[in-house]
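Visitor: The structure file start.cif (mmCIF, C-alpha atoms and all ligand atoms) is provided below.
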data_model
loop_
_atom_site.label_atom_id
_atom_site.label_comp_id
_atom_site.auth_asym_id
_atom_site.auth_seq_id
_atom_site.Cartn_x
_atom_site.Cartn_y
_atom_site.Cartn_z
CA MET A 1 20.38 -29.71 10.10
CA SER A 2 18.48 -27.65 12.70
CA GLU A 3 15.20 -26.09 11.55
CA HIS A 4 16.62 -22.56 11.93
CA GLN A 5 19.28 -23.32 9.30
CA THR A 6 16.75 -24.28 6.63
CA GLY A 7 15.13 -21.92 4.13
CA PHE A 8 11.84 -20.12 4.69
CA SER A 9 9.64 -22.44 2.61
CA THR A 10 11.16 -25.55 4.18
CA ARG A 11 10.35 -24.16 7.62
CA ALA A 12 6.81 -23.24 6.52
CA ILE A 13 6.21 -26.83 5.41
CA HIS A 14 8.08 -28.74 8.11
CA ALA A 15 8.67 -26.72 11.31
CA GLY A 16 6.64 -28.29 14.12
CA GLN A 17 5.11 -30.68 11.61
CA ASP A 18 6.95 -34.00 11.99
CA PRO A 19 4.93 -37.08 11.05
CA ASP A 20 2.45 -37.97 13.79
CA PRO A 21 4.29 -40.16 16.34
CA THR A 22 1.39 -42.58 16.91
CA THR A 23 0.16 -43.14 13.34
CA GLY A 24 2.81 -41.75 11.02
CA ALA A 25 0.25 -39.33 9.50
CA THR A 26 2.31 -36.99 7.32
CA ILE A 27 0.04 -34.03 7.97
CA VAL A 28 -0.51 -32.83 11.52
CA PRO A 29 -3.86 -34.31 12.65
CA ILE A 30 -6.72 -32.17 13.91
CA TYR A 31 -6.67 -33.18 17.57
CA ALA A 32 -10.37 -32.64 18.21
CA THR A 33 -10.27 -33.22 21.93
CA SER A 34 -10.90 -30.94 24.87
CA THR A 35 -9.17 -33.23 27.39
CA TYR A 36 -6.45 -35.92 27.70
CA THR A 37 -6.56 -39.18 29.64
CA GLN A 38 -3.94 -39.36 32.37
CA GLU A 39 -2.24 -42.58 33.58
CA ALA A 40 -2.34 -41.34 37.17
CA PRO A 41 -3.08 -37.84 38.54
CA GLY A 42 -0.50 -35.53 36.96
CA VAL A 43 1.04 -38.31 34.81
CA HIS A 44 0.34 -37.35 31.20
CA LYS A 45 2.00 -36.87 27.83
CA GLY A 46 2.32 -33.07 28.09
CA TYR A 47 -1.34 -32.19 27.52
CA GLU A 48 -4.12 -31.92 30.12
CA TYR A 49 -6.82 -29.64 28.69
CA SER A 50 -7.03 -27.95 25.27
CA ARG A 51 -7.25 -24.36 26.52
CA SER A 52 -3.83 -24.96 28.08
CA GLY A 53 -2.43 -26.82 25.09
CA ASN A 54 -3.42 -28.89 22.06
CA PRO A 55 -1.02 -30.74 19.72
CA THR A 56 -2.43 -29.13 16.54
CA ARG A 57 -1.95 -25.72 18.17
CA THR A 58 1.56 -26.67 19.31
CA ALA A 59 2.46 -27.46 15.69
CA LEU A 60 1.16 -24.06 14.55
CA GLU A 61 2.90 -22.19 17.38
CA THR A 62 6.21 -23.94 16.65
CA CYS A 63 5.92 -23.16 12.94
CA LEU A 64 5.10 -19.49 13.57
CA ALA A 65 8.11 -19.12 15.87
CA ALA A 66 10.36 -20.68 13.21
CA LEU A 67 9.03 -18.35 10.49
CA GLU A 68 9.51 -15.19 12.56
CA ALA A 69 12.89 -16.32 13.98
CA GLY A 70 11.46 -16.17 17.51
CA GLU A 71 12.06 -18.49 20.44
CA ARG A 72 8.37 -19.04 21.03
CA GLY A 73 5.01 -18.50 19.35
CA LEU A 74 1.51 -18.39 20.78
CA ALA A 75 -1.66 -18.79 18.72
CA PHE A 76 -4.92 -16.98 19.48
CA ALA A 77 -8.51 -17.09 18.26
CA SER A 78 -8.07 -13.79 16.36
CA GLY A 79 -5.55 -11.04 15.74
CA LEU A 80 -7.33 -8.88 18.29
CA ALA A 81 -7.26 -11.67 20.89
CA ALA A 82 -3.47 -11.69 20.37
CA THR A 83 -3.32 -7.88 20.73
CA ASN A 84 -5.46 -8.04 23.86
CA ALA A 85 -3.22 -10.70 25.43
CA VAL A 86 -0.06 -8.64 24.78
CA LEU A 87 -1.51 -5.43 26.23
CA ALA A 88 -3.18 -7.07 29.23
CA SER A 89 -0.25 -9.22 30.25
CA LEU A 90 2.71 -6.84 29.72
CA LEU A 91 1.24 -3.44 30.63
CA LYS A 92 -0.44 -2.10 33.74
CA PRO A 93 -2.73 0.84 34.54
CA GLY A 94 -0.74 4.11 34.45
CA ASP A 95 1.56 2.92 31.64
CA GLU A 96 1.81 4.72 28.32
CA LEU A 97 1.97 3.26 24.81
CA VAL A 98 3.06 5.20 21.71
CA ALA A 99 1.59 4.05 18.40
CA SER A 100 1.65 5.31 14.85
CA ALA A 101 -1.62 7.08 14.06
CA ASP A 102 -2.15 5.01 10.92
CA LEU A 103 -3.35 1.82 12.53
CA TYR A 104 -5.95 -0.90 11.98
CA GLY A 105 -9.29 0.49 13.26
CA GLY A 106 -9.83 -2.46 15.62
CA THR A 107 -6.46 -1.85 17.28
CA PHE A 108 -7.38 1.80 17.81
CA ARG A 109 -10.76 0.69 19.20
CA ILE A 110 -9.31 -1.77 21.73
CA LEU A 111 -6.75 0.85 22.85
CA GLU A 112 -9.39 3.56 23.24
CA LYS A 113 -12.49 1.66 24.36
CA VAL A 114 -11.02 -1.22 26.36
CA PHE A 115 -7.56 -0.22 27.58
CA ARG A 116 -7.99 3.54 28.11
CA PRO A 117 -10.78 3.00 30.69
CA TRP A 118 -8.52 0.31 32.26
CA GLY A 119 -5.76 2.93 32.69
CA LEU A 120 -3.47 2.62 29.64
CA ASN A 121 -2.69 5.95 28.00
CA ALA A 122 -2.17 5.45 24.25
CA LYS A 123 -0.65 8.32 22.26
CA TYR A 124 -0.57 8.45 18.46
CA THR A 125 1.92 10.09 16.15
CA ASP A 126 0.94 11.30 12.68
CA ASP A 127 4.63 11.55 11.85
CA PRO A 128 5.95 8.05 11.09
CA SER A 129 9.61 9.16 11.44
CA LEU A 130 11.74 8.50 14.52
CA GLU A 131 11.24 12.11 15.68
CA GLY A 132 7.46 11.67 15.63
CA PHE A 133 7.75 8.85 18.19
CA GLN A 134 10.54 10.51 20.17
CA LYS A 135 8.35 13.55 20.91
CA LEU A 136 5.68 11.40 22.60
CA ILE A 137 7.92 9.21 24.75
CA THR A 138 7.93 9.87 28.51
CA PRO A 139 9.32 7.86 31.45
CA LYS A 140 5.91 6.14 31.60
CA THR A 141 6.18 4.77 28.04
CA LYS A 142 6.41 0.98 28.22
CA MET A 143 5.66 0.02 24.63
CA ILE A 144 5.91 1.35 21.09
CA TRP A 145 3.31 -0.31 18.84
CA ILE A 146 3.60 -0.13 15.08
CA GLU A 147 2.38 -1.65 11.86
CA THR A 148 4.61 -1.49 8.79
CA PRO A 149 3.31 -1.23 6.12
CA THR A 150 0.51 0.56 7.99
CA ASN A 151 -3.20 -0.05 7.48
CA PRO A 152 -4.55 1.61 5.32
CA LEU A 153 -2.07 4.31 4.16
CA LEU A 154 0.84 1.89 3.65
CA GLN A 155 3.39 4.05 5.43
CA ILE A 156 6.74 2.38 6.11
CA LEU A 157 8.31 2.66 9.55
CA ASP A 158 11.96 1.95 10.31
CA ILE A 159 11.89 -1.13 12.57
CA SER A 160 15.61 -1.11 13.57
CA ALA A 161 15.59 2.60 14.45
CA LEU A 162 12.37 2.29 16.45
CA ALA A 163 13.69 -0.79 18.29
CA GLN A 164 16.74 1.24 19.34
CA LEU A 165 14.58 4.17 20.41
CA ALA A 166 12.31 1.87 22.45
CA HIS A 167 15.24 0.17 24.17
CA GLN A 168 17.03 3.45 24.97
CA ASN A 169 13.84 4.43 26.80
CA GLY A 170 13.27 1.13 28.61
CA ALA A 171 10.31 0.22 26.40
CA TRP A 172 9.41 -2.71 24.13
CA LEU A 173 8.83 -2.48 20.40
CA ALA A 174 5.79 -4.49 19.27
CA VAL A 175 5.31 -4.87 15.51
CA ASP A 176 2.01 -5.92 13.95
CA ASN A 177 3.49 -7.76 10.96
CA THR A 178 0.15 -8.68 9.37
CA PHE A 179 0.59 -6.66 6.16
CA ALA A 180 4.10 -7.91 5.40
CA SER A 181 3.89 -11.52 6.69
CA PRO A 182 7.12 -13.17 7.90
CA TYR A 183 8.02 -13.96 4.30
CA LEU A 184 8.63 -10.29 3.51
CA GLN A 185 9.95 -9.06 6.86
CA GLN A 186 11.07 -10.53 10.18
CA PRO A 187 10.93 -7.73 12.79
CA LEU A 188 12.58 -9.75 15.59
CA LYS A 189 15.75 -9.97 13.48
CA LEU A 190 15.67 -6.17 13.21
CA GLY A 191 15.51 -5.73 16.99
CA ALA A 192 11.76 -5.75 17.72
CA ASP A 193 10.68 -7.50 20.92
CA LEU A 194 7.32 -8.84 19.83
CA VAL A 195 5.59 -9.68 16.58
CA ILE A 196 1.80 -9.76 16.42
CA HIS A 197 -0.22 -11.22 13.55
CA SER A 198 -3.73 -11.44 12.36
CA THR A 199 -3.16 -14.90 10.85
CA THR A 200 -6.59 -14.38 9.28
CA LYS A 201 -4.73 -12.56 6.49
CA TYR A 202 -1.65 -13.72 4.50
CA LEU A 203 -0.65 -16.54 6.86
CA GLY A 204 -4.01 -18.33 6.56
CA GLY A 205 -4.23 -16.94 3.06
CA HIS A 206 -7.59 -18.33 1.89
CA SER A 207 -10.15 -16.14 3.72
CA ASP A 208 -11.53 -19.18 5.53
CA VAL A 209 -10.26 -18.84 9.11
CA ILE A 210 -9.85 -16.17 11.81
CA GLY A 211 -6.72 -16.33 13.97
CA GLY A 212 -3.93 -14.42 15.64
CA ALA A 213 -0.41 -14.93 16.95
CA VAL A 214 2.30 -13.45 19.14
CA ILE A 215 5.97 -14.35 18.65
CA GLY A 216 9.00 -13.34 20.69
CA SER A 217 11.49 -14.52 23.32
CA THR A 218 10.57 -17.20 25.85
CA ASP A 219 11.03 -14.66 28.66
CA LEU A 220 8.69 -12.07 27.20
CA LEU A 221 6.13 -14.66 26.16
CA THR A 222 5.95 -16.33 29.60
CA PRO A 223 3.39 -13.84 31.02
CA ILE A 224 1.49 -13.88 27.71
CA LYS A 225 1.36 -17.69 27.81
CA PHE A 226 0.06 -17.45 31.38
CA TYR A 227 -2.61 -14.98 30.22
CA GLN A 228 -3.52 -17.20 27.24
CA ASN A 229 -4.33 -20.05 29.63
CA ALA A 230 -5.86 -17.85 32.32
CA ALA A 231 -8.16 -15.85 30.03
CA GLY A 232 -8.62 -18.16 27.02
CA GLY A 233 -9.01 -16.68 23.55
CA THR A 234 -7.33 -19.76 22.07
CA PRO A 235 -8.03 -21.13 18.56
CA GLY A 236 -9.66 -24.52 18.04
CA PRO A 237 -7.70 -27.36 16.42
CA PHE A 238 -9.51 -27.06 13.08
CA ASP A 239 -8.60 -23.36 12.89
CA CYS A 240 -4.97 -24.25 13.67
CA TYR A 241 -5.02 -26.93 10.96
CA LEU A 242 -6.41 -24.48 8.35
CA THR A 243 -3.80 -21.88 9.27
CA LEU A 244 -0.97 -24.43 9.06
CA ARG A 245 -2.29 -25.61 5.70
CA GLY A 246 -2.28 -22.03 4.44
CA ILE A 247 1.23 -21.35 5.74
CA LYS A 248 2.72 -24.16 3.64
CA THR A 249 2.23 -22.06 0.48
CA LEU A 250 2.93 -18.64 2.00
CA ALA A 251 6.15 -18.03 0.04
CA VAL A 252 4.73 -18.83 -3.40
CA ARG A 253 1.53 -16.92 -2.69
CA MET A 254 3.42 -13.85 -1.45
CA ASP A 255 5.65 -13.81 -4.53
CA ARG A 256 2.55 -13.64 -6.73
CA HIS A 257 0.71 -11.12 -4.49
CA CYS A 258 3.76 -8.83 -4.67
CA GLU A 259 4.30 -9.27 -8.41
CA ASN A 260 0.62 -8.53 -9.19
CA ALA A 261 0.49 -5.53 -6.84
CA HIS A 262 3.69 -4.12 -8.31
CA THR A 263 2.28 -4.32 -11.85
CA LEU A 264 -1.07 -2.80 -10.87
CA ALA A 265 0.44 -0.02 -8.74
CA HIS A 266 2.64 1.15 -11.62
CA TRP A 267 -0.27 0.93 -14.06
CA LEU A 268 -2.57 2.88 -11.71
CA THR A 269 -0.05 5.72 -11.34
CA ARG A 270 -0.35 6.30 -15.11
CA HIS A 271 -4.16 6.12 -15.20
CA PRO A 272 -5.84 9.49 -15.90
CA LYS A 273 -8.70 8.77 -13.47
CA VAL A 274 -6.36 8.06 -10.56
CA GLU A 275 -5.20 10.95 -8.40
CA ARG A 276 -2.82 9.18 -6.01
CA VAL A 277 -1.44 5.69 -5.45
CA TYR A 278 -0.03 4.56 -2.09
CA TYR A 279 2.36 1.63 -2.61
CA PRO A 280 5.79 1.26 -0.95
CA GLY A 281 7.22 -0.22 -4.15
CA LEU A 282 6.86 3.10 -5.98
CA PRO A 283 10.16 5.03 -6.03
CA ASN A 284 8.38 8.26 -5.00
CA HIS A 285 6.81 6.64 -1.90
CA GLY A 286 8.19 8.31 1.25
CA GLY A 287 9.20 4.96 2.79
CA HIS A 288 10.55 3.31 -0.38
CA GLU A 289 14.20 3.26 0.70
CA ILE A 290 13.41 1.84 4.16
CA ALA A 291 11.09 -0.73 2.57
CA LYS A 292 13.89 -1.79 0.22
CA ARG A 293 16.14 -2.32 3.24
CA GLN A 294 13.78 -4.15 5.57
CA MET A 295 11.39 -6.00 3.24
CA LYS A 296 12.00 -8.73 0.67
CA HIS A 297 9.33 -7.30 -1.69
CA PHE A 298 6.80 -4.50 -1.27
CA GLY A 299 3.65 -6.46 -0.43
CA GLY A 300 0.26 -7.06 -1.97
CA MET A 301 -1.66 -4.04 -0.65
CA ILE A 302 -2.34 -0.82 -2.58
CA SER A 303 -4.38 2.22 -1.53
CA LEU A 304 -5.54 4.90 -3.93
CA ARG A 305 -7.56 8.04 -4.48
CA LEU A 306 -9.51 8.81 -7.63
CA GLN A 307 -10.03 12.05 -9.50
CA GLY A 308 -13.51 13.06 -8.31
CA GLY A 309 -12.92 12.18 -4.65
CA ALA A 310 -15.50 10.48 -2.47
CA ASP A 311 -18.23 10.39 -5.17
CA ALA A 312 -15.94 8.71 -7.67
CA ALA A 313 -14.76 6.27 -4.98
CA LYS A 314 -18.35 5.33 -4.12
CA LYS A 315 -19.16 4.57 -7.76
CA PHE A 316 -15.95 2.63 -8.28
CA LEU A 317 -16.56 0.44 -5.22
CA SER A 318 -19.76 -0.98 -6.69
CA GLN A 319 -18.33 -1.55 -10.17
CA THR A 320 -15.57 -4.14 -9.68
CA HIS A 321 -16.32 -7.82 -10.21
CA LEU A 322 -13.13 -9.79 -9.56
CA PHE A 323 -12.24 -7.43 -6.72
CA SER A 324 -14.97 -8.27 -4.17
CA LEU A 325 -16.11 -5.45 -1.96
CA ALA A 326 -15.24 -6.96 1.42
CA GLU A 327 -13.34 -6.37 4.65
CA SER A 328 -10.11 -8.27 5.34
CA LEU A 329 -7.09 -8.87 3.10
CA GLY A 330 -4.34 -11.32 2.29
CA GLY A 331 -6.45 -14.08 0.73
CA VAL A 332 -5.82 -15.57 -2.71
CA GLU A 333 -8.79 -13.62 -4.10
CA SER A 334 -8.63 -9.87 -4.70
CA LEU A 335 -10.66 -7.61 -2.43
CA VAL A 336 -11.53 -3.93 -2.52
CA CYS A 337 -12.42 -2.06 0.65
CA HIS A 338 -13.59 1.37 1.72
CA PRO A 339 -11.62 1.89 4.97
CA ALA A 340 -13.72 4.87 6.13
CA THR A 341 -16.94 2.83 6.31
CA MET A 342 -15.49 -0.66 6.74
CA THR A 343 -12.17 -1.54 8.44
CA HIS A 344 -11.68 1.88 10.07
CA ALA A 345 -15.31 2.81 10.78
CA SER A 346 -14.69 2.44 14.54
CA ILE A 347 -12.40 5.52 14.47
CA PRO A 348 -14.37 8.75 15.08
CA LEU A 349 -15.00 10.68 11.83
CA GLU A 350 -12.92 13.74 12.72
CA VAL A 351 -9.97 11.61 13.92
CA ARG A 352 -9.80 9.40 10.85
CA THR A 353 -10.40 12.29 8.42
CA ALA A 354 -7.51 14.21 10.00
CA ARG A 355 -5.37 11.10 9.53
CA GLY A 356 -6.20 10.84 5.81
CA VAL A 357 -8.69 7.98 6.11
CA ASP A 358 -11.52 9.91 4.48
CA ASP A 359 -14.36 8.84 2.18
CA GLY A 360 -12.16 9.16 -0.93
CA LEU A 361 -9.67 6.46 0.14
CA ILE A 362 -9.88 3.01 -1.49
CA ARG A 363 -7.82 -0.02 -0.39
CA LEU A 364 -7.02 -3.00 -2.62
CA SER A 365 -5.87 -6.41 -1.44
CA VAL A 366 -4.36 -7.76 -4.63
CA GLY A 367 -4.91 -11.50 -4.98
CA ILE A 368 -3.06 -14.10 -7.01
CA GLU A 369 -5.38 -14.23 -10.02
CA ASP A 370 -4.02 -13.48 -13.52
CA VAL A 371 -2.86 -9.90 -13.37
CA GLN A 372 -4.30 -8.99 -16.78
CA ASP A 373 -7.78 -9.99 -15.55
CA LEU A 374 -7.32 -7.85 -12.43
CA GLN A 375 -6.19 -4.89 -14.53
CA ASN A 376 -9.19 -5.32 -16.87
CA ASP A 377 -11.53 -5.38 -13.86
CA LEU A 378 -10.08 -2.15 -12.45
CA GLU A 379 -10.05 -0.51 -15.89
CA ALA A 380 -13.75 -1.31 -16.45
CA ALA A 381 -14.67 0.03 -12.99
CA LEU A 382 -12.63 3.21 -13.54
CA ARG A 383 -14.36 3.79 -16.85
C1 LIG A 401 -3.09 -4.92 10.64
C2 LIG A 401 -4.14 -5.70 11.38
N1 LIG A 401 -3.90 -6.10 12.64
C3 LIG A 401 -4.82 -6.79 13.34
C4 LIG A 401 -6.05 -7.10 12.81
C5 LIG A 401 -7.06 -7.84 13.65
O1 LIG A 401 -7.11 -9.19 13.29
P1 LIG A 401 -8.41 -10.10 13.43
O2 LIG A 401 -9.44 -9.57 12.52
O3 LIG A 401 -7.89 -11.46 13.06
O4 LIG A 401 -8.83 -10.02 14.87
C6 LIG A 401 -6.34 -6.72 11.50
C7 LIG A 401 -7.66 -7.05 10.90
O5 LIG A 401 -8.01 -6.56 9.84
C8 LIG A 401 -5.36 -6.00 10.77
O6 LIG A 401 -5.60 -5.56 9.51
#
Represent the structure from my file as structure tokens, please.
Ligand SMILES: Cc1ncc(COP(=O)(O)O)c(C=O)c1O
Guide:
Amino acid sequence: MSEHQTGFSTRAIHAGQDPDPTTGATIVPIYATSTYTQEAPGVHKGYEYSRSGNPTRTALETCLAALEAGERGLAFASGLAATNAVLASLLKPGDELVASADLYGGTFRILEKVFRPWGLNAKYTDDPSLEGFQKLITPKTKMIWIETPTNPLLQILDISALAQLAHQNGAWLAVDNTFASPYLQQPLKLGADLVIHSTTKYLGGHSDVIGGAVIGSTDLLTPIKFYQNAAGGTPGPFDCYLTLRGIKTLAVRMDRHCENAHTLAHWLTRHPKVERVYYPGLPNHGGHEIAKRQMKHFGGMISLRLQGGADAAKKFLSQTHLFSLAESLGGVESLVCHPATMTHASIPLEVRTARGVDDGLIRLSVGIEDVQDLQNDLEAALR
């Protein structure tokens, strides 16, 4: 049976991870080597130098491609190194990119502070519907860049419709799939051209490694592969090993993340101290129907606002115990974050406030602890 015919968890555990050919080691070894001995100049076993390729990285890249239903995967030292490689290798000065305004702060920062001076004109739509994107597209638009669910407002964007819109206009659709993970949603199957990940999050899953990935067709990834070798930004073999180790349990972890988040989101909507809950699994969420169509479950992230606004949020953030106040997301442990001063602090105050990322917004990454303990922790902090 070919790997693509097997189920998701089987691929997560086995794709690219055959027993080691020289020793039979069941688990992919950490090939801690920078270079490879050649029999004669140019006569080697497929590896010359570890920036160009490393067997532990190959295993991770093969596995990521299998999980996202892509022809090829490339691993990077961080999610932003992956973003950088995509933008630098596929776009050129004078091109335009249209992105949803609700976006990870670091992605906004690299677009504005690195690529705008280089000549890329990024435009942002506050309206996550098709029309919002349509209005900003010009003949110079080469890429539409989205997250779905978005960070931190958890908007849902219609991947199939946006892929069609991009292709009608001669552009690519790139989807940052970090919040959903390939277990919940596979954008390439819905027509997207590229998937980008911060593997730091759900894929690694244990808050112990930074990494990134790009997945897509062999054709589209050829210039990105060239850039990966030319510019570096590659992960070390130990990082690849940790990410692969995390991926093996992605499906079971995601099921629990989603189940816990679903329970807490519904409970929070009924709490008298909570003003608003953002969670795509709630029937009154604007993107609920699209999420039902394109996602397996609704994810492990919740954002919320409290009665009492920014002051109440500030107090709440220092009162949780199981929910650690920390950046990042997607690990087994629950985290609470204040996007305005943490993950999205690099967005100028007036821009992020206009986008709804103000001091009253709180973001939860719901872990896989016992949900009653998580609820008790939130209840005590709200009190
Ligand atoms: C949606 C999203 N994309 C990309 C990144 C960047 O990834 P990294 O921190 O691994 O560079 C993050 C980091 O928080 C993120 O949340």
Visitor: What does the distance between atom CA of Pro348 of chain A and atom CA of Ala85 of chain A come to in Å, to one decimal place?
Guide: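 Pair atom CA of Pro348 of chain A / atom CA of Ala85 of chain A returns 24.7 Å.
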Visitor: Which residue out of A:Thr58, A:Ser52, A:Gln185, A:Asn84 has the minimum interatomic distance to Lys296 of chain A when all atoms listed in the file are used?
Guide: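 Checking each candidate against Lys296 of chain A, we get A:Gln185 as the closest.
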Visitor: So that I can see what lies close to Gly360 of chain A, please list as a short mmCIF file (atom, residue, chain, number, x, y, z; two decimals) with C-alpha atoms, in the frame of the given file the residues with an atom at most 6 Å from it, counting only C-alpha atoms and leaving out residues fewer than 2 positions away in the same chain.
Guide:
data_model
loop_
_atom_site.label_atom_id
_atom_site.label_comp_id
_atom_site.auth_asym_id
_atom_site.auth_seq_id
_atom_site.Cartn_x
_atom_site.Cartn_y
_atom_site.Cartn_z
CA ARG A 305 -7.56 8.04 -4.48
CA GLY A 309 -12.92 12.18 -4.65
CA ALA A 310 -15.50 10.48 -2.47
CA ALA A 313 -14.76 6.27 -4.98
CA ASP A 358 -11.52 9.91 4.48
#
Visitor: Hey, which residues come within 9 Å of ligand LIG 401 (chain A) if we count only C-alpha atoms and all ligand atoms? Could you give them as JSON, numbers by chain?
Guide: {"A": [76, 77, 78, 79, 80, 81, 82, 83, 103, 104, 105, 106, 107, 147, 148, 149, 150, 151, 152, 176, 177, 178, 179, 196, 197, 198, 199, 200, 201, 209, 210, 211, 212, 327, 328, 329, 343]}
Visitor: Kindly list the centre and edge lengths in Å, rounded to one decimal, for the axis-aligned box that covers all listed atoms of segment 248-251 of chain A plus 6 Å on each of its six sides, as lines of an AutoDock Vina configuration file.
Guide:
center_x = 4.2
center_y = -21.1
center_z = 1.8
size_x = 15.9
size_y = 18.1
size_z = 15.6
Visitor: In terms of the shortest atom-to-atom distance over only C-alpha atoms, which of A:Glu289, A:Asp158, A:Glu369, A:Asp193 is closest to Ala174 of chain A?
Guide: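 Once distances to Ala174 of chain A are computed over only C-alpha atoms, the minimum belongs to A:Asp193.
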Visitor: Could segment 186-249 of chain A be written out with C-alpha atoms, as a PDB file, in the first residue's frame, please?
Guide:
ATOM      1  CA  GLN A 186      -5.192  20.192   4.446  1.00  0.00           C
ATOM      2  CA  PRO A 187      -5.218  23.382   2.337  1.00  0.00           C
ATOM      3  CA  LEU A 188      -3.480  21.829  -0.701  1.00  0.00           C
ATOM      4  CA  LYS A 189      -6.450  19.476  -1.121  1.00  0.00           C
ATOM      5  CA  LEU A 190      -8.704  22.560  -1.161  1.00  0.00           C
ATOM      6  CA  GLY A 191      -6.718  24.189  -3.969  1.00  0.00           C
ATOM      7  CA  ALA A 192      -4.045  26.180  -2.104  1.00  0.00           C
ATOM      8  CA  ASP A 193      -0.591  26.274  -3.703  1.00  0.00           C
ATOM      9  CA  LEU A 194       1.566  26.416  -0.603  1.00  0.00           C
ATOM     10  CA  VAL A 195       1.236  25.519   3.047  1.00  0.00           C
ATOM     11  CA  ILE A 196       3.465  27.197   5.622  1.00  0.00           C
ATOM     12  CA  HIS A 197       3.875  26.041   9.218  1.00  0.00           C
ATOM     13  CA  SER A 198       5.434  27.151  12.399  1.00  0.00           C
ATOM     14  CA  THR A 199       6.195  23.551  13.452  1.00  0.00           C
ATOM     15  CA  THR A 200       7.063  25.112  16.816  1.00  0.00           C
ATOM     16  CA  LYS A 201       3.337  24.834  17.598  1.00  0.00           C
ATOM     17  CA  TYR A 202       1.019  21.796  17.217  1.00  0.00           C
ATOM     18  CA  LEU A 203       3.344  19.745  14.997  1.00  0.00           C
ATOM     19  CA  GLY A 204       6.208  19.775  17.530  1.00  0.00           C
ATOM     20  CA  GLY A 205       3.570  19.912  20.224  1.00  0.00           C
ATOM     21  CA  HIS A 206       5.708  19.989  23.386  1.00  0.00           C
ATOM     22  CA  SER A 207       7.041  23.581  23.480  1.00  0.00           C
ATOM     23  CA  ASP A 208      10.615  22.313  23.227  1.00  0.00           C
ATOM     24  CA  VAL A 209      11.686  23.127  19.663  1.00  0.00           C
ATOM     25  CA  ILE A 210      11.468  25.983  17.136  1.00  0.00           C
ATOM     26  CA  GLY A 211      10.899  25.049  13.486  1.00  0.00           C
ATOM     27  CA  GLY A 212       9.089  25.827  10.269  1.00  0.00           C
ATOM     28  CA  ALA A 213       8.012  24.164   7.042  1.00  0.00           C
ATOM     29  CA  VAL A 214       6.790  24.791   3.510  1.00  0.00           C
ATOM     30  CA  ILE A 215       4.821  22.152   1.586  1.00  0.00           C
ATOM     31  CA  GLY A 216       3.590  22.192  -1.997  1.00  0.00           C
ATOM     32  CA  SER A 217       4.247  20.881  -5.500  1.00  0.00           C
ATOM     33  CA  THR A 218       7.746  19.916  -6.622  1.00  0.00           C
ATOM     34  CA  ASP A 219       7.632  22.673  -9.264  1.00  0.00           C
ATOM     35  CA  LEU A 220       6.740  25.451  -6.845  1.00  0.00           C
ATOM     36  CA  LEU A 221       9.155  24.204  -4.195  1.00  0.00           C
ATOM     37  CA  THR A 222      12.154  24.009  -6.568  1.00  0.00           C
ATOM     38  CA  PRO A 223      13.087  27.716  -6.196  1.00  0.00           C
ATOM     39  CA  ILE A 224      12.372  27.533  -2.447  1.00  0.00           C
ATOM     40  CA  LYS A 225      14.661  24.493  -2.142  1.00  0.00           C
ATOM     41  CA  PHE A 226      17.328  26.444  -4.038  1.00  0.00           C
ATOM     42  CA  TYR A 227      16.876  29.374  -1.623  1.00  0.00           C
ATOM     43  CA  GLN A 228      16.991  27.032   1.401  1.00  0.00           C
ATOM     44  CA  ASN A 229      20.441  25.830   0.330  1.00  0.00           C
ATOM     45  CA  ALA A 230      21.645  29.219  -0.905  1.00  0.00           C
ATOM     46  CA  ALA A 231      20.588  31.227   2.164  1.00  0.00           C
ATOM     47  CA  GLY A 232      20.465  28.584   4.928  1.00  0.00           C
ATOM     48  CA  GLY A 233      17.897  28.888   7.701  1.00  0.00           C
ATOM     49  CA  THR A 234      17.790  25.090   7.988  1.00  0.00           C
ATOM     50  CA  PRO A 235      16.997  23.192  11.209  1.00  0.00           C
ATOM     51  CA  GLY A 236      19.600  21.013  12.925  1.00  0.00           C
ATOM     52  CA  PRO A 237      19.109  17.234  13.115  1.00  0.00           C
ATOM     53  CA  PHE A 238      18.130  17.274  16.799  1.00  0.00           C
ATOM     54  CA  ASP A 239      15.389  19.826  16.068  1.00  0.00           C
ATOM     55  CA  CYS A 240      14.159  17.623  13.205  1.00  0.00           C
ATOM     56  CA  TYR A 241      14.157  14.589  15.510  1.00  0.00           C
ATOM     57  CA  LEU A 242      12.128  16.430  18.194  1.00  0.00           C
ATOM     58  CA  THR A 243       9.616  17.622  15.607  1.00  0.00           C
ATOM     59  CA  LEU A 244       9.241  14.123  14.147  1.00  0.00           C
ATOM     60  CA  ARG A 245       8.802  12.707  17.642  1.00  0.00           C
ATOM     61  CA  GLY A 246       6.050  15.243  18.317  1.00  0.00           C
ATOM     62  CA  ILE A 247       4.303  14.555  15.013  1.00  0.00           C
ATOM     63  CA  LYS A 248       3.806  10.879  15.870  1.00  0.00           C
ATOM     64  CA  THR A 249       1.126  11.827  18.424  1.00  0.00           C
TER      65      THR A 249
END
